[in-house]
Amino acid sequence: MSPGLTAPRGTADVLPEQAAIRLRVEQTARELLEAAGYGRIETPAFEATEVFTRGVGAATDIVEKEMYSFDDGGGRSLTLRPEGTAPVCRAYVEHGMHKLPAPVKLYYLESFFRAERPQAGRYRQFWQVGAEALGSEDPALDAELIVLLHQLLTRLGASDLHLRLSSLGTPAARSEYRDELIDYLRANSDRLSETVRDRIERNPLRAFDADDPSTGAVMEQAPRLLDRLPANDLEHFAEVRRLLDSAGVAYEIDTTLVRGLDYYTRTVFEFTSDELAAGQSTVGAGGRYDGLVELLGGPPTPGAGWAAGVERIILASPAEAEPPPAPDLYVAHDGSRPAAFNLALDARAAGLRAQLELAGRSLKGQFKHAERLNARFVAVVDDETVTLRDRSAGSERVVAHGDVVAAVKQALEA
RNA sequence: GUGGGCGUAGCUCAGCUGGUAGAGCUCCGGGUUGUGGUCCCGGCGGUCGCGGGUUCGAAUCCCGUCGCUCACCCCA
């Protein structure tokens, strides 16, 4: 590796072979989401920092330590987007989309930036495909979103998927529950493991995941958020589950499921894959965020959505790189460059995949290259005629310059 | 931010009891060949991550540093 310039930590070049795999993810997402009425939205790569401090939550890890923020030179703080939901909601408000028939269904396929230590499946610049639907609190919207994500992951071949599902209620209910849980943990802190004890205030819900047996015993008796939700939230959640049941999407209720962003309300869900490393097995996740639009200065507007990591989808899928499409025609020459040049252009104009010798190879080298590319036909051009070889048939014949394209097309259609 | 592993040609690596760098693959050329695929020959390509130390001499030992990677935290 040369000691000079390399891609910054946590970023990666996507070379053609990988790009082909990503293209498949993008095409599948696009077909699936557009068929469900989602329209593509692209927002700027950076936003006013406030979009995230207000939208995502000032006390979240993302805002506290993972944002790439910079001064724009005029005293304003801008931030490379670390996630997609807040910017989409900002755009929704800015363009008065609440006047549009609800729900407004949007999807995006963009890169995001977080200043974390990279590891398998986690990068500083990463791509997410996401869907957001604004203006409706119908549980069918939640269910449809979950089904869409499930279909996307399944179609792309993500293996060993698990759907975890829960409901968080309103922010007020959640915050009340959180206080209750903290009190409970404090009261039993002598039986908790050190790591759990250390993060009682920071992230009490993580206590449910602890491996330590003593902690586990404490947590079995701990209050559960689902038991604290008001009736209308429980009914909403029940309806989401009914729809998922009828759609045949398997899930597991996980009362300890919390998303790392403040804006979630009611339904939250997460797809994990056993294919991924333990620490970051989440392939896609999302939920409802009924207060977010208002938080960003818009009218009270319910909403729900999800995002899935493109790199993680690929890691979770037994993705095999497909070879690039083979040329129909490879134009070789031994000095008749203008004739060869024009033949390649004519062939492309006629709709053929055609490549031309561009590296000054010997004639033998050109044949080797045509072999490597797996070109169906090789045309050896000289000033008078063209020798056209059909590699699949092993035959060749001499034709006039002007007849090559027609001959190739005719053979391909046969 | 914390901890482990690793850093020799474009790629995969050997060289690890110190003596100024090798192989395979790839790529290019030549020969053979049905103007290609096999086989043979040759060639291009390396500040041994970087800096310092020990030594007559270090890719090889010691220290530092940077980078990559995996994990923790947390997340897509």
# chains A, B, ... in the order shown; residues from 1 in each chain; ligands from 1
$ interface_residues --of "chain B" --to "chain A" --cutoff "9 Å" --atoms "only C-alpha atoms (C1' of nucleotides)" --output "PyMOL selection string"
chain B and resi 28-29+35-37+49-50+67-72+74-76
$ select_by_dssp --residues "region 221-371 of chain A" --states "helix (DSSP H, G or I)" --output "ChimeraX atom specification"
/A:225-228,231-247,278-280,292-295,310-316,337-349,363-371
$ closest_atom_pairs --of "region 36-63 of chain A" --to "region 89-107 of chain A" --cutoff "7 Å" --atoms "only C-alpha atoms" --output "Markdown table"
| residue | atom | partner | partner_atom | distance |
| --- | --- | --- | --- | --- |
| A:Gly37 | CA | A:Lys105 | CA | 6.7 |
| A:Tyr38 | CA | A:Lys105 | CA | 4.7 |
| A:Gly39 | CA | A:Leu106 | CA | 4.8 |
| A:Arg40 | CA | A:Tyr107 | CA | 4.9 |
| A:Ile41 | CA | A:Tyr107 | CA | 5.9 |
$ write_last_selection --atoms "C-alpha atoms" --output "PDB file, in the first residue's frame"
ATOM      1  CA  GLY A  37     -46.548   4.720  -3.990  1.00  0.00           C
ATOM      2  CA  TYR A  38     -43.371   6.048  -2.444  1.00  0.00           C
ATOM      3  CA  GLY A  39     -41.721   8.906  -4.291  1.00  0.00           C
ATOM      4  CA  ARG A  40     -38.026   9.492  -4.227  1.00  0.00           C
ATOM      5  CA  ILE A  41     -36.714  12.433  -2.253  1.00  0.00           C
TER       6      ILE A  41
END
$ select_by_dssp --residues "region 289-341 of chain A" --states "strand (DSSP E)" --output "list in words"
Gly303, Ala304, Gly305, Trp306, Ala307, Ala308, Gly309, Leu329, Tyr330, Val331, Ala332 and His333 of chain A
$ atom_distance --atom1 "CA of Glu194 (chain A)" --atom2 "CA of Glu64 (chain A)"
23.6 Å
$ atom_distance --atom1 "CA of Thr301 (chain A)" --atom2 "CA of Leu134 (chain A)"
6.9 Å
$ residues_around --residues "Asn342 (chain A)" --least-positions-apart "3" --cutoff "12 Å" --atoms "only C-alpha atoms (C1' of nucleotides)" --output "list of chain:residue names"
A:Val331, A:Ala332, A:His333, A:Ser336, A:Arg337, A:Pro338, A:Ala339, A:Leu345, A:Asp346, A:Ala347, A:Arg348, A:Ala349, A:Ala354, A:Gln355, A:Leu356, A:Val381, A:His401, A:Gly402, A:Val404, A:Val405
$ atom_distance --atom1 "CA of Ala350 (chain A)" --atom2 "CA of Glu384 (chain A)"
22.0 Å
$ residues_around --residues "G46 (chain B)" --least-positions-apart "6" --cutoff "10 Å" --atoms "only C-alpha atoms (C1' of nucleotides)" --output "ChimeraX atom specification"
/B:8-9,21
$ write_last_selection --atoms "all heavy atoms" --output "compact mmCIF listing (two decimals), in the first residue's frame"
# COMPACT_ATOMS: atom_id res chain seq x y z
P U B 8 2.10 -5.65 4.17
OP1 U B 8 1.42 -4.88 3.14
OP2 U B 8 1.52 -6.92 4.64
O5' U B 8 3.60 -5.92 3.70
C5' U B 8 4.53 -4.84 3.66
C4' U B 8 5.72 -5.27 2.87
O4' U B 8 6.39 -6.35 3.58
C3' U B 8 5.39 -5.88 1.51
O3' U B 8 5.16 -4.88 0.52
C2' U B 8 6.65 -6.70 1.25
O2' U B 8 7.73 -5.86 0.90
C1' U B 8 6.89 -7.28 2.64
N1 U B 8 6.16 -8.55 2.84
C2 U B 8 6.72 -9.71 2.30
O2 U B 8 7.76 -9.69 1.67
N3 U B 8 6.01 -10.85 2.52
C4 U B 8 4.82 -10.97 3.20
O4 U B 8 4.31 -12.07 3.31
C5 U B 8 4.30 -9.74 3.71
C6 U B 8 4.97 -8.61 3.52
P A B 9 3.96 -5.01 -0.42
OP1 A B 9 2.91 -4.17 0.15
OP2 A B 9 3.68 -6.46 -0.68
O5' A B 9 4.43 -4.38 -1.80
C5' A B 9 3.51 -4.24 -2.86
C4' A B 9 4.17 -4.56 -4.15
O4' A B 9 5.11 -5.66 -4.01
C3' A B 9 3.18 -5.04 -5.23
O3' A B 9 2.90 -4.01 -6.16
C2' A B 9 3.92 -6.11 -6.01
O2' A B 9 4.27 -5.68 -7.33
C1' A B 9 5.23 -6.25 -5.26
N9 A B 9 5.71 -7.63 -5.15
C8 A B 9 5.18 -8.71 -4.52
N7 A B 9 5.89 -9.81 -4.66
C5 A B 9 6.96 -9.41 -5.43
C6 A B 9 8.08 -10.09 -5.95
N6 A B 9 8.33 -11.36 -5.73
N1 A B 9 8.95 -9.37 -6.69
C2 A B 9 8.69 -8.08 -6.91
N3 A B 9 7.69 -7.32 -6.48
C4 A B 9 6.85 -8.06 -5.75
P A B 21 18.37 -6.77 -1.04
OP1 A B 21 19.47 -6.18 -1.82
OP2 A B 21 17.04 -6.15 -1.18
O5' A B 21 18.31 -8.31 -1.39
C5' A B 21 17.45 -8.78 -2.40
C4' A B 21 16.33 -9.57 -1.75
O4' A B 21 15.60 -8.74 -0.83
C3' A B 21 15.30 -10.03 -2.77
O3' A B 21 15.71 -11.32 -3.19
C2' A B 21 14.02 -10.10 -1.97
O2' A B 21 13.89 -11.36 -1.35
C1' A B 21 14.24 -9.06 -0.88
N9 A B 21 13.50 -7.80 -1.02
C8 A B 21 13.94 -6.62 -1.54
N7 A B 21 13.08 -5.63 -1.43
C5 A B 21 12.01 -6.21 -0.81
C6 A B 21 10.78 -5.70 -0.40
N6 A B 21 10.42 -4.44 -0.54
N1 A B 21 9.91 -6.56 0.18
C2 A B 21 10.26 -7.84 0.34
N3 A B 21 11.39 -8.42 0.02
C4 A B 21 12.24 -7.55 -0.55
$ residues_around --residues "Arg197 (chain A)" --least-positions-apart "6" --cutoff "12 Å" --atoms "only C-alpha atoms (C1' of nucleotides)" --output "list in words"
Ile182, Tyr184, Leu185, Arg186, Ala187, Asn188, Ser189, Asp190, Arg191, Asn203, Pro204, Leu205, Arg206, Ala207, Ala210, Asp212 and Thr215 of chain A
$ write_last_selection --atoms "C-alpha atoms" --output "CSV table (one decimal), in the first residue's frame"
chain,number,residue,atom,x,y,z
A,182,ILE,CA,-34.3,4.0,37.1
A,184,TYR,CA,-36.2,0.3,40.4
A,185,LEU,CA,-32.6,-0.2,39.3
A,186,ARG,CA,-31.3,2.1,41.9
A,187,ALA,CA,-33.2,0.2,44.6
A,188,ASN,CA,-31.6,-3.0,43.4
A,189,SER,CA,-28.3,-1.7,42.4
A,190,ASP,CA,-26.4,-3.9,44.8
A,191,ARG,CA,-27.5,-7.0,42.7
A,203,ASN,CA,-29.4,3.9,29.4
A,204,PRO,CA,-31.5,2.0,31.9
A,205,LEU,CA,-33.1,-0.2,29.3
A,206,ARG,CA,-29.9,-1.8,28.4
A,207,ALA,CA,-30.1,-3.5,31.7
A,210,ALA,CA,-27.3,-8.1,30.5
A,212,ASP,CA,-25.0,-11.5,34.2
A,215,THR,CA,-28.8,-8.8,37.0
$ closest_residue --among "B:C27, B:A59, B:C11, B:C66" --to "G43 (chain B)" --atoms "only C-alpha atoms (C1' of nucleotides)"
B:C27
$ residues_around --residues "region 54-58 of chain B" --least-positions-apart "2" --cutoff "10 Å" --atoms "only C-alpha atoms (C1' of nucleotides)" --output "VMD selection string"
chain B and resid 18 to 20 60 to 62
$ write_last_selection --atoms "N, CA and C atoms (P, O5', C5', C4', C3', O3' and C1' of nucleotides)" --output "PDB file, in the first residue's frame"
ATOM      1  P     G B  18      19.624 -13.779  14.697  1.00  0.00           P
ATOM      2  O5'   G B  18      18.545 -13.835  13.475  1.00  0.00           O
ATOM      3  C5'   G B  18      19.001 -13.897  12.169  1.00  0.00           C
ATOM      4  C4'   G B  18      18.970 -12.498  11.548  1.00  0.00           C
ATOM      5  C3'   G B  18      20.027 -12.298  10.475  1.00  0.00           C
ATOM      6  O3'   G B  18      19.383 -12.560   9.221  1.00  0.00           O
ATOM      7  C1'   G B  18      19.901 -10.408  11.960  1.00  0.00           C
ATOM      8  P     G B  19      20.108 -13.001   7.907  1.00  0.00           P
ATOM      9  O5'   G B  19      21.011 -11.751   7.550  1.00  0.00           O
ATOM     10  C5'   G B  19      20.530 -10.712   6.719  1.00  0.00           C
ATOM     11  C4'   G B  19      21.708 -10.112   5.981  1.00  0.00           C
ATOM     12  C3'   G B  19      22.159 -10.971   4.800  1.00  0.00           C
ATOM     13  O3'   G B  19      21.747 -10.208   3.663  1.00  0.00           O
ATOM     14  C1'   G B  19      24.011 -10.372   6.255  1.00  0.00           C
ATOM     15  P     U B  20      21.865 -10.375   2.218  1.00  0.00           P
ATOM     16  O5'   U B  20      21.475  -8.830   1.937  1.00  0.00           O
ATOM     17  C5'   U B  20      20.594  -8.176   2.857  1.00  0.00           C
ATOM     18  C4'   U B  20      20.317  -6.775   2.383  1.00  0.00           C
ATOM     19  C3'   U B  20      20.030  -6.542   0.895  1.00  0.00           C
ATOM     20  O3'   U B  20      18.781  -7.030   0.469  1.00  0.00           O
ATOM     21  C1'   U B  20      21.266  -4.743   1.789  1.00  0.00           C
ATOM     22  P     U B  60      13.025  -4.930  10.807  1.00  0.00           P
ATOM     23  O5'   U B  60      12.661  -6.453  10.919  1.00  0.00           O
ATOM     24  C5'   U B  60      12.004  -7.191  11.862  1.00  0.00           C
ATOM     25  C4'   U B  60      12.430  -8.622  11.681  1.00  0.00           C
ATOM     26  C3'   U B  60      13.355  -9.154  12.760  1.00  0.00           C
ATOM     27  O3'   U B  60      12.622 -10.063  13.582  1.00  0.00           O
ATOM     28  C1'   U B  60      14.106  -9.738  10.562  1.00  0.00           C
ATOM     29  P     C B  61      11.670  -9.504  14.731  1.00  0.00           P
ATOM     30  O5'   C B  61      12.740  -9.048  15.817  1.00  0.00           O
ATOM     31  C5'   C B  61      13.288  -9.984  16.737  1.00  0.00           C
ATOM     32  C4'   C B  61      14.110  -9.243  17.759  1.00  0.00           C
ATOM     33  C3'   C B  61      13.431  -7.995  18.327  1.00  0.00           C
ATOM     34  O3'   C B  61      12.556  -8.327  19.393  1.00  0.00           O
ATOM     35  C1'   C B  61      15.636  -7.456  17.675  1.00  0.00           C
ATOM     36  P     C B  62      11.293  -7.415  19.675  1.00  0.00           P
ATOM     37  O5'   C B  62      11.947  -6.119  20.331  1.00  0.00           O
ATOM     38  C5'   C B  62      12.557  -6.186  21.616  1.00  0.00           C
ATOM     39  C4'   C B  62      12.967  -4.794  22.044  1.00  0.00           C
ATOM     40  C3'   C B  62      11.879  -3.741  21.909  1.00  0.00           C
ATOM     41  O3'   C B  62      11.016  -3.735  23.039  1.00  0.00           O
ATOM     42  C1'   C B  62      13.878  -2.926  20.949  1.00  0.00           C
TER      43        C B  62
END
$ residues_around --residues "U12 (chain B)" --least-positions-apart "4" --cutoff "12 Å" --atoms "only C-alpha atoms (C1' of nucleotides)" --output "JSON, numbers by chain"
{"B": [23, 24, 25, 26]}
$ closest_residue --among "A:Tyr264, A:Tyr330, A:Phe377, A:Phe271" --to "Leu149 (chain A)" --atoms "only C-alpha atoms"
A:Phe271
$ closest_residue --among "B:G1, B:C48, B:C41, B:C63" --to "G22 (chain B)" --atoms "only C-alpha atoms (C1' of nucleotides)"
B:C48
